[in-house]
Each structure stands twice: as structure tokens, then as C-alpha cells.
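Participant: I am sharing entry.pdb, which consists of PDB, C-alpha atoms:
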ATOM      1  CA  MET M1479      39.237   8.253 -10.434
ATOM      2  CA  TYR M1480      36.899  10.151  -8.079
ATOM      3  CA  ARG M1481      33.944   9.474 -10.379
ATOM      4  CA  LEU M1482      34.614   5.764 -10.297
ATOM      5  CA  ALA M1483      34.820   5.831  -6.506
ATOM      6  CA  ALA M1484      31.552   7.770  -6.344
ATOM      7  CA  LEU M1485      29.863   5.259  -8.655
ATOM      8  CA  LEU M1486      31.129   2.378  -6.572
ATOM      9  CA  LEU M1487      29.765   3.999  -3.427
ATOM     10  CA  LEU M1488      26.421   4.703  -5.076
ATOM     11  CA  GLY M1489      26.157   1.223  -6.555
ATOM     12  CA  PRO M1490      24.438  -0.421  -3.573
ATOM     13  CA  ALA M1491      22.010   2.481  -3.236
ATOM     14  CA  LEU M1492      21.118   2.357  -6.920
ATOM     15  CA  ALA M1493      20.709  -1.402  -6.808
ATOM     16  CA  ALA M1494      18.335  -1.033  -3.864
ATOM     17  CA  ALA M1495      16.170   1.481  -5.729
ATOM     18  CA  ASP M1496      12.775   0.201  -6.747
ATOM     19  CA  ARG M1497       9.444   1.563  -7.883
ATOM     20  CA  ILE M1498       8.401   2.435  -4.334
ATOM     21  CA  THR M1499      11.531   4.425  -3.490
ATOM     22  CA  GLU M1500      11.433   6.192  -6.866
ATOM     23  CA  MET M1501       7.883   7.520  -6.377
ATOM     24  CA  ASN M1502       7.385  11.024  -5.094
ATOM     25  CA  GLY M1503       5.035  11.523  -2.132
ATOM     26  CA  THR M1504       1.935  12.164  -4.213
ATOM     27  CA  GLU M1505       2.523   9.108  -6.414
ATOM     28  CA  LEU M1506       3.227   6.920  -3.410
ATOM     29  CA  CYS M1507       0.057   8.014  -1.642
ATOM     30  CA  ALA M1508      -2.045   7.546  -4.787
ATOM     31  CA  TYR M1509      -0.639   4.024  -5.154
ATOM     32  CA  LYS M1510      -1.283   3.308  -1.475
ATOM     33  CA  ALA M1511      -4.867   4.542  -1.843
ATOM     34  CA  LYS M1512      -5.426   2.277  -4.869
ATOM     35  CA  LEU M1513      -4.102  -0.727  -2.960
ATOM     36  CA  SER M1514      -6.275   0.204   0.013
ATOM     37  CA  VAL M1515      -9.393   0.401  -2.143
ATOM     38  CA  ALA M1516      -8.599  -3.009  -3.660
ATOM     39  CA  ALA M1517      -8.247  -4.463  -0.158
ATOM     40  CA  TYR M1518     -11.471  -2.763   0.929
ATOM     41  CA  PHE M1519     -13.303  -4.248  -2.064
ATOM     42  CA  TYR M1520     -12.286  -7.742  -0.962
ATOM     43  CA  PHE M1521     -13.172  -6.917   2.648
ATOM     44  CA  LEU M1522     -16.684  -5.873   1.584
ATOM     45  CA  GLN M1523     -17.008  -9.161  -0.312
ATOM     46  CA  GLY M1524     -16.302 -10.971   2.960
ATOM     47  CA  LYS M1525     -12.927 -12.309   1.871
ATOM     48  CA  PRO M1526     -10.462 -12.719   4.758
ATOM     49  CA  ARG M1527      -7.130 -10.904   4.355
ATOM     50  CA  GLY M1528      -5.270 -14.213   4.255
ATOM     51  CA  ASP M1529      -7.320 -15.303   1.234
ATOM     52  CA  VAL M1530      -6.469 -12.247  -0.872
ATOM     53  CA  THR M1531      -4.146 -13.471  -3.587
ATOM     54  CA  ILE M1532      -1.463 -11.105  -4.818
ATOM     55  CA  HIS M1533      -0.291 -11.721  -8.372
ATOM     56  CA  TRP M1534       3.360 -10.709  -8.548
ATOM     57  CA  HIS M1535       5.128 -10.002 -11.837
ATOM     58  CA  GLY M1536       8.344 -11.600 -10.634
ATOM     59  CA  ASP M1537      10.593  -8.546 -10.673
ATOM     60  CA  GLU M1538       9.472  -6.975  -7.376
ATOM     61  CA  THR M1539      12.000  -6.108  -4.723
ATOM     62  CA  GLN M1540      11.463  -7.194  -1.136
ATOM     63  CA  ASN M1541      10.700  -3.562  -0.304
ATOM     64  CA  GLU M1542       7.889  -3.505  -2.879
ATOM     65  CA  ILE M1543       6.468  -6.794  -1.619
ATOM     66  CA  ASP M1544       6.603  -5.598   1.981
ATOM     67  CA  PHE M1545       4.964  -2.278   1.047
ATOM     68  CA  VAL M1546       2.042  -3.983  -0.718
ATOM     69  CA  ARG M1547       1.512  -6.478   2.098
ATOM     70  CA  ARG M1548       1.744  -3.775   4.777
ATOM     71  CA  THR M1549      -0.735  -1.588   2.895
ATOM     72  CA  LEU M1550      -3.251  -4.413   2.501
ATOM     73  CA  ASP M1551      -2.882  -5.352   6.166
ATOM     74  CA  GLU M1552      -3.395  -1.732   7.203
ATOM     75  CA  ALA M1553      -6.467  -1.366   4.968
ATOM     76  CA  TYR M1554      -8.021  -4.537   6.361
ATOM     77  CA  ALA M1555      -7.329  -3.407   9.938
ATOM     78  CA  SER M1556      -8.938  -0.041   9.218
ATOM     79  CA  ALA M1557     -11.980  -1.661   7.582
ATOM     80  CA  GLU M1558     -12.372  -4.021  10.531
ATOM     81  CA  ALA M1559     -12.198  -1.081  12.958
ATOM     82  CA  ASP M1560     -14.834   0.751  10.890
ATOM     83  CA  LYS M1561     -17.073  -2.310  10.998
ATOM     84  CA  ARG M1562     -16.668  -2.578  14.765
ATOM     85  CA  ASP M1563     -17.207   1.146  15.402
ATOM     86  CA  HIS M1564     -19.919   1.847  12.793
ATOM     87  CA  ARG M1565     -21.954  -1.331  12.518
ATOM     88  CA  GLN M1566     -24.869   0.277  10.720
ATOM     89  CA  ARG M1567     -23.100   1.130   7.448
ATOM     90  CA  TYR M1568     -19.928   0.906   5.423
ATOM     91  CA  VAL M1569     -18.283   3.872   3.733
ATOM     92  CA  SER M1570     -18.011   3.820  -0.039
ATOM     93  CA  GLU M1571     -14.865   2.585  -1.752
ATOM     94  CA  GLN M1572     -14.228   6.152  -2.906
ATOM     95  CA  ALA M1573     -14.496   7.529   0.624
ATOM     96  CA  PHE M1574     -12.222   4.765   1.928
ATOM     97  CA  GLY M1575      -9.657   5.547  -0.791
ATOM     98  CA  ASP M1576      -9.860   9.273  -0.108
ATOM     99  CA  ARG M1577      -9.271   8.632   3.572
ATOM    100  CA  ALA M1578      -6.275   6.388   2.794
ATOM    101  CA  TYR M1579      -4.795   9.024   0.459
ATOM    102  CA  ASN M1580      -5.303  11.881   2.917
ATOM    103  CA  ALA M1581      -3.848   9.865   5.798
ATOM    104  CA  CYS M1582      -0.801   9.000   3.705
ATOM    105  CA  MET M1583      -0.285  12.595   2.634
ATOM    106  CA  SER M1584      -0.394  13.722   6.265
ATOM    107  CA  GLY M1585       1.926  10.922   7.386
ATOM    108  CA  GLU M1586      -0.737   9.030   9.327
ATOM    109  CA  ARG M1587      -2.208   5.551   9.123
ATOM    110  CA  ILE M1588      -5.722   5.049   7.800
TER     111      ILE M1588
END
Let's see the structure in the file written out as C-alpha cells.
Facilitator:
Amino acid sequence: MYRLAALLLLGPALAAADRITEMNGTELCAYKAKLSVAAYFYFLQGKPRGDVTIHWHGDETQNEIDFVRRTLDEAYASAEADKRDHRQRYVSEQAFGDRAYNACMSGERI
């Protein structure tokens, strides 16, 4: 009886679980860095953020969609700030990804 009640209480939490919430901190930050590097690649190509097409698989939760969009927006904002502050050169994709990973691991924005 108590097990059934516990399962019923956990049901909504389990249903809300997705790939983002199941990742540990290191995995989440590595994923965020990969997304940031992808966004930075498009930024360097001159593609506006609004023109970056995201190909969804169809089974993403709203949390996953929001996470990806937020990460791309943040990466574009960071790249635009870099361009404004350091007009003479861009950092490499690797350096941009490292910075995104380190910022995530320390709980900061890139």
C-alpha cells in the first residue's frame, strides 16, 4: 500500500524527467559546451541566431527544447560581446568551447 502511494507521488516527477535532468553536472556542461561551439561555428559563418535551424527528433521535452534554445542564445550573446570587445580577432572554437564548459562548471554564464 505504501509503495503504491510512493509510486503515485513519484509519477509526476518521473514523467517530467528528461535527458537534461538525468545528466550529471559534468555531462550537462560537456553538452552545453558542444551546443555553444555549434552556435559559435554558425556565428563565425555570419549566420544570425534566428536563422540557425534546430533539427528536433520529435521526442524532446519542453525542458530540453528550452535548454538548447537558451544555450544557443547565450553562446550568440557571448560571441557578439567578444566581437564588440575584441574586434581584432576571434577566439578558436576550441577556446570558446573550453570557456563555455568552465563557466558552466563554475555556475557562471559564458
Participant: My list of candidates is M:Ile1532, M:Val1569, M:Leu1522, M:Ala1517. Which is closest to Glu1552 in chain M when distances are computed with all atoms listed in the file?
Facilitator: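 Looking at the shortest contact to Glu1552 in chain M, the residue is M:Ala1517.
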Participant: Counting all atoms listed in the file, which residue out of M:Gln1540, M:Asn1580, M:Ser1570, M:Thr1531 sits closest to Ala1495 in chain M?
Facilitator: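 Among the listed residues, M:Gln1540 lies closest to Ala1495 in chain M.
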Participant: Skip Arg1497 in chain M itself and residues of its chain fewer than 4 positions away, then list as a VMD selection string all residues within 9 Å of it, counting only C-alpha atoms.
Facilitator: chain M and resid 1501 1538 to 1539 1542
Participant: Would you work out the distance separating CA of Leu1506 in chain M from CA of Ala1578 in chain M, expressed in Å to one decimal?
Facilitator: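 Pair CA of Leu1506 in chain M / CA of Ala1578 in chain M returns 11.4 Å.
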Participant: Kindly give the distance, in Å, that separates CA of Ser1556 in chain M and CA of Asp1537 in chain M, rounded to a single decimal.
Facilitator: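 The value is 29.1 Å.
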Participant: Determine the residue set returned by the PyMOL selection byres ((chain M and resi 1527) around 10) for the present structure, and present it as a list in words.
Facilitator: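 Output from the PyMOL selection byres ((chain M and resi 1527) around 10), applied to this file: Ala1517, Tyr1518, Tyr1520, Phe1521, Gly1524, Lys1525, Pro1526, Gly1528, Asp1529, Val1530, Thr1531, Arg1547, Leu1550, Asp1551, Ala1553, Tyr1554 and Ala1555 of chain M.
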Participant: To one decimal place in Å, what is the distance between CA of Ala1557 in chain M and CA of His1533 in chain M?
Facilitator: 22.2 Å
Participant: When you count all atoms listed in the file, which of these residues is closest to Arg1577 in chain M: M:Ile1498, M:Ala1511, M:Ala1516, M:Val1546?
Facilitator: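 For Arg1577 in chain M, the nearest of the given residues is M:Ala1511.
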Participant: Tell me which of M:His1535, M:Arg1548, M:Arg1562, M:Lys1512 sits closest to Phe1574 in chain M, counting all atoms listed in the file.
Facilitator: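 Smallest distance to Phe1574 in chain M is found for M:Lys1512.
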Participant: Go through M:Ala1559, M:Cys1507, M:Ile1543, M:Val1515 one by one, measure the shortest atom-to-atom distance of each to Ala1581 in chain M using all atoms listed in the file, and give the residue with the smallest value.
Facilitator: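 That would be M:Cys1507, the residue with the smallest distance to Ala1581 in chain M.
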Participant: Kindly reconstruct range 1559-1570 of chain M with all heavy atoms and present the result as a PDB file, keeping the file's coordinate frame.
Facilitator:
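Below is the file selection-v3.pdb, written as the result:
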ATOM      1  N   ALA M1559     -11.901  -2.067  11.914  1.00  0.00           N
ATOM      2  CA  ALA M1559     -12.198  -1.081  12.958  1.00  0.00           C
ATOM      3  C   ALA M1559     -13.462  -0.305  12.607  1.00  0.00           C
ATOM      4  O   ALA M1559     -14.301  -0.049  13.483  1.00  0.00           O
ATOM      5  CB  ALA M1559     -11.023  -0.130  13.138  1.00  0.00           C
ATOM      6  N   ASP M1560     -13.619   0.056  11.332  1.00  0.00           N
ATOM      7  CA  ASP M1560     -14.834   0.751  10.890  1.00  0.00           C
ATOM      8  C   ASP M1560     -16.058  -0.115  11.138  1.00  0.00           C
ATOM      9  O   ASP M1560     -17.092   0.366  11.603  1.00  0.00           O
ATOM     10  CB  ASP M1560     -14.768   1.091   9.397  1.00  0.00           C
ATOM     11  CG  ASP M1560     -13.868   2.266   9.093  1.00  0.00           C
ATOM     12  OD1 ASP M1560     -13.407   2.934  10.036  1.00  0.00           O
ATOM     13  OD2 ASP M1560     -13.613   2.503   7.896  1.00  0.00           O
ATOM     14  N   LYS M1561     -15.951  -1.386  10.819  1.00  0.00           N
ATOM     15  CA  LYS M1561     -17.073  -2.310  10.998  1.00  0.00           C
ATOM     16  C   LYS M1561     -17.446  -2.419  12.478  1.00  0.00           C
ATOM     17  O   LYS M1561     -18.621  -2.430  12.833  1.00  0.00           O
ATOM     18  CB  LYS M1561     -16.711  -3.689  10.442  1.00  0.00           C
ATOM     19  CG  LYS M1561     -17.816  -4.706  10.570  1.00  0.00           C
ATOM     20  CD  LYS M1561     -17.381  -6.041  10.006  1.00  0.00           C
ATOM     21  CE  LYS M1561     -18.481  -7.083  10.157  1.00  0.00           C
ATOM     22  NZ  LYS M1561     -18.058  -8.386   9.661  1.00  0.00           N
ATOM     23  N   ARG M1562     -16.450  -2.471  13.329  1.00  0.00           N
ATOM     24  CA  ARG M1562     -16.668  -2.578  14.765  1.00  0.00           C
ATOM     25  C   ARG M1562     -17.275  -1.289  15.335  1.00  0.00           C
ATOM     26  O   ARG M1562     -18.182  -1.326  16.159  1.00  0.00           O
ATOM     27  CB  ARG M1562     -15.341  -2.904  15.446  1.00  0.00           C
ATOM     28  CG  ARG M1562     -15.400  -3.191  16.911  1.00  0.00           C
ATOM     29  CD  ARG M1562     -14.040  -3.561  17.493  1.00  0.00           C
ATOM     30  NE  ARG M1562     -13.009  -2.584  17.198  1.00  0.00           N
ATOM     31  CZ  ARG M1562     -11.978  -2.779  16.361  1.00  0.00           C
ATOM     32  NH1 ARG M1562     -11.848  -3.926  15.714  1.00  0.00           N
ATOM     33  NH2 ARG M1562     -11.074  -1.835  16.153  1.00  0.00           N
ATOM     34  N   ASP M1563     -16.783  -0.145  14.851  1.00  0.00           N
ATOM     35  CA  ASP M1563     -17.207   1.146  15.402  1.00  0.00           C
ATOM     36  C   ASP M1563     -18.482   1.703  14.771  1.00  0.00           C
ATOM     37  O   ASP M1563     -19.188   2.504  15.380  1.00  0.00           O
ATOM     38  CB  ASP M1563     -16.092   2.180  15.253  1.00  0.00           C
ATOM     39  CG  ASP M1563     -14.847   1.783  16.032  1.00  0.00           C
ATOM     40  OD1 ASP M1563     -14.939   0.929  16.943  1.00  0.00           O
ATOM     41  OD2 ASP M1563     -13.766   2.311  15.714  1.00  0.00           O
ATOM     42  N   HIS M1564     -18.771   1.318  13.539  1.00  0.00           N
ATOM     43  CA  HIS M1564     -19.919   1.847  12.793  1.00  0.00           C
ATOM     44  C   HIS M1564     -20.679   0.680  12.161  1.00  0.00           C
ATOM     45  O   HIS M1564     -20.692   0.519  10.935  1.00  0.00           O
ATOM     46  CB  HIS M1564     -19.469   2.819  11.697  1.00  0.00           C
ATOM     47  CG  HIS M1564     -18.556   3.891  12.191  1.00  0.00           C
ATOM     48  ND1 HIS M1564     -18.989   4.958  12.940  1.00  0.00           N
ATOM     49  CD2 HIS M1564     -17.216   4.055  12.066  1.00  0.00           C
ATOM     50  CE1 HIS M1564     -17.969   5.732  13.244  1.00  0.00           C
ATOM     51  NE2 HIS M1564     -16.878   5.207  12.733  1.00  0.00           N
ATOM     52  N   ARG M1565     -21.313  -0.095  12.977  1.00  0.00           N
ATOM     53  CA  ARG M1565     -21.954  -1.331  12.518  1.00  0.00           C
ATOM     54  C   ARG M1565     -23.084  -1.097  11.510  1.00  0.00           C
ATOM     55  O   ARG M1565     -23.382  -1.970  10.709  1.00  0.00           O
ATOM     56  CB  ARG M1565     -22.503  -2.107  13.703  1.00  0.00           C
ATOM     57  CG  ARG M1565     -21.431  -2.622  14.609  1.00  0.00           C
ATOM     58  CD  ARG M1565     -22.050  -3.304  15.814  1.00  0.00           C
ATOM     59  NE  ARG M1565     -21.013  -3.622  16.766  1.00  0.00           N
ATOM     60  CZ  ARG M1565     -20.643  -4.849  17.067  1.00  0.00           C
ATOM     61  NH1 ARG M1565     -21.250  -5.864  16.503  1.00  0.00           N
ATOM     62  NH2 ARG M1565     -19.695  -5.054  17.943  1.00  0.00           N
ATOM     63  N   GLN M1566     -23.688   0.057  11.539  1.00  0.00           N
ATOM     64  CA  GLN M1566     -24.869   0.277  10.720  1.00  0.00           C
ATOM     65  C   GLN M1566     -24.579   0.460   9.225  1.00  0.00           C
ATOM     66  O   GLN M1566     -25.426   0.184   8.400  1.00  0.00           O
ATOM     67  CB  GLN M1566     -25.693   1.472  11.234  1.00  0.00           C
ATOM     68  CG  GLN M1566     -25.013   2.829  11.122  1.00  0.00           C
ATOM     69  CD  GLN M1566     -24.085   3.156  12.281  1.00  0.00           C
ATOM     70  OE1 GLN M1566     -23.684   2.283  13.043  1.00  0.00           O
ATOM     71  NE2 GLN M1566     -23.719   4.413  12.408  1.00  0.00           N
ATOM     72  N   ARG M1567     -23.362   0.903   8.876  1.00  0.00           N
ATOM     73  CA  ARG M1567     -23.100   1.130   7.448  1.00  0.00           C
ATOM     74  C   ARG M1567     -21.603   1.119   7.155  1.00  0.00           C
ATOM     75  O   ARG M1567     -20.780   1.354   8.029  1.00  0.00           O
ATOM     76  CB  ARG M1567     -23.684   2.450   6.990  1.00  0.00           C
ATOM     77  CG  ARG M1567     -23.054   3.654   7.672  1.00  0.00           C
ATOM     78  CD  ARG M1567     -23.596   4.969   7.112  1.00  0.00           C
ATOM     79  NE  ARG M1567     -22.990   6.075   7.799  1.00  0.00           N
ATOM     80  CZ  ARG M1567     -21.828   6.635   7.451  1.00  0.00           C
ATOM     81  NH1 ARG M1567     -21.176   6.191   6.420  1.00  0.00           N
ATOM     82  NH2 ARG M1567     -21.338   7.645   8.139  1.00  0.00           N
ATOM     83  N   TYR M1568     -21.298   0.833   5.909  1.00  0.00           N
ATOM     84  CA  TYR M1568     -19.928   0.906   5.423  1.00  0.00           C
ATOM     85  C   TYR M1568     -19.765   2.203   4.634  1.00  0.00           C
ATOM     86  O   TYR M1568     -20.719   2.694   4.034  1.00  0.00           O
ATOM     87  CB  TYR M1568     -19.613  -0.260   4.480  1.00  0.00           C
ATOM     88  CG  TYR M1568     -19.515  -1.595   5.180  1.00  0.00           C
ATOM     89  CD1 TYR M1568     -20.518  -2.537   5.054  1.00  0.00           C
ATOM     90  CD2 TYR M1568     -18.411  -1.906   5.953  1.00  0.00           C
ATOM     91  CE1 TYR M1568     -20.436  -3.763   5.684  1.00  0.00           C
ATOM     92  CE2 TYR M1568     -18.304  -3.129   6.596  1.00  0.00           C
ATOM     93  CZ  TYR M1568     -19.325  -4.055   6.452  1.00  0.00           C
ATOM     94  OH  TYR M1568     -19.222  -5.252   7.087  1.00  0.00           O
ATOM     95  N   VAL M1569     -18.553   2.724   4.601  1.00  0.00           N
ATOM     96  CA  VAL M1569     -18.283   3.872   3.733  1.00  0.00           C
ATOM     97  C   VAL M1569     -18.088   3.344   2.319  1.00  0.00           C
ATOM     98  O   VAL M1569     -17.810   2.165   2.104  1.00  0.00           O
ATOM     99  CB  VAL M1569     -17.042   4.672   4.207  1.00  0.00           C
ATOM    100  CG1 VAL M1569     -17.267   5.229   5.598  1.00  0.00           C
ATOM    101  CG2 VAL M1569     -15.791   3.841   4.143  1.00  0.00           C
ATOM    102  N   SER M1570     -18.212   4.223   1.356  1.00  0.00           N
ATOM    103  CA  SER M1570     -18.011   3.820  -0.039  1.00  0.00           C
ATOM    104  C   SER M1570     -16.526   3.548  -0.296  1.00  0.00           C
ATOM    105  O   SER M1570     -15.663   4.003   0.463  1.00  0.00           O
ATOM    106  CB  SER M1570     -18.498   4.917  -0.981  1.00  0.00           C
ATOM    107  OG  SER M1570     -17.645   6.055  -0.874  1.00  0.00           O
TER     108      SER M1570
END
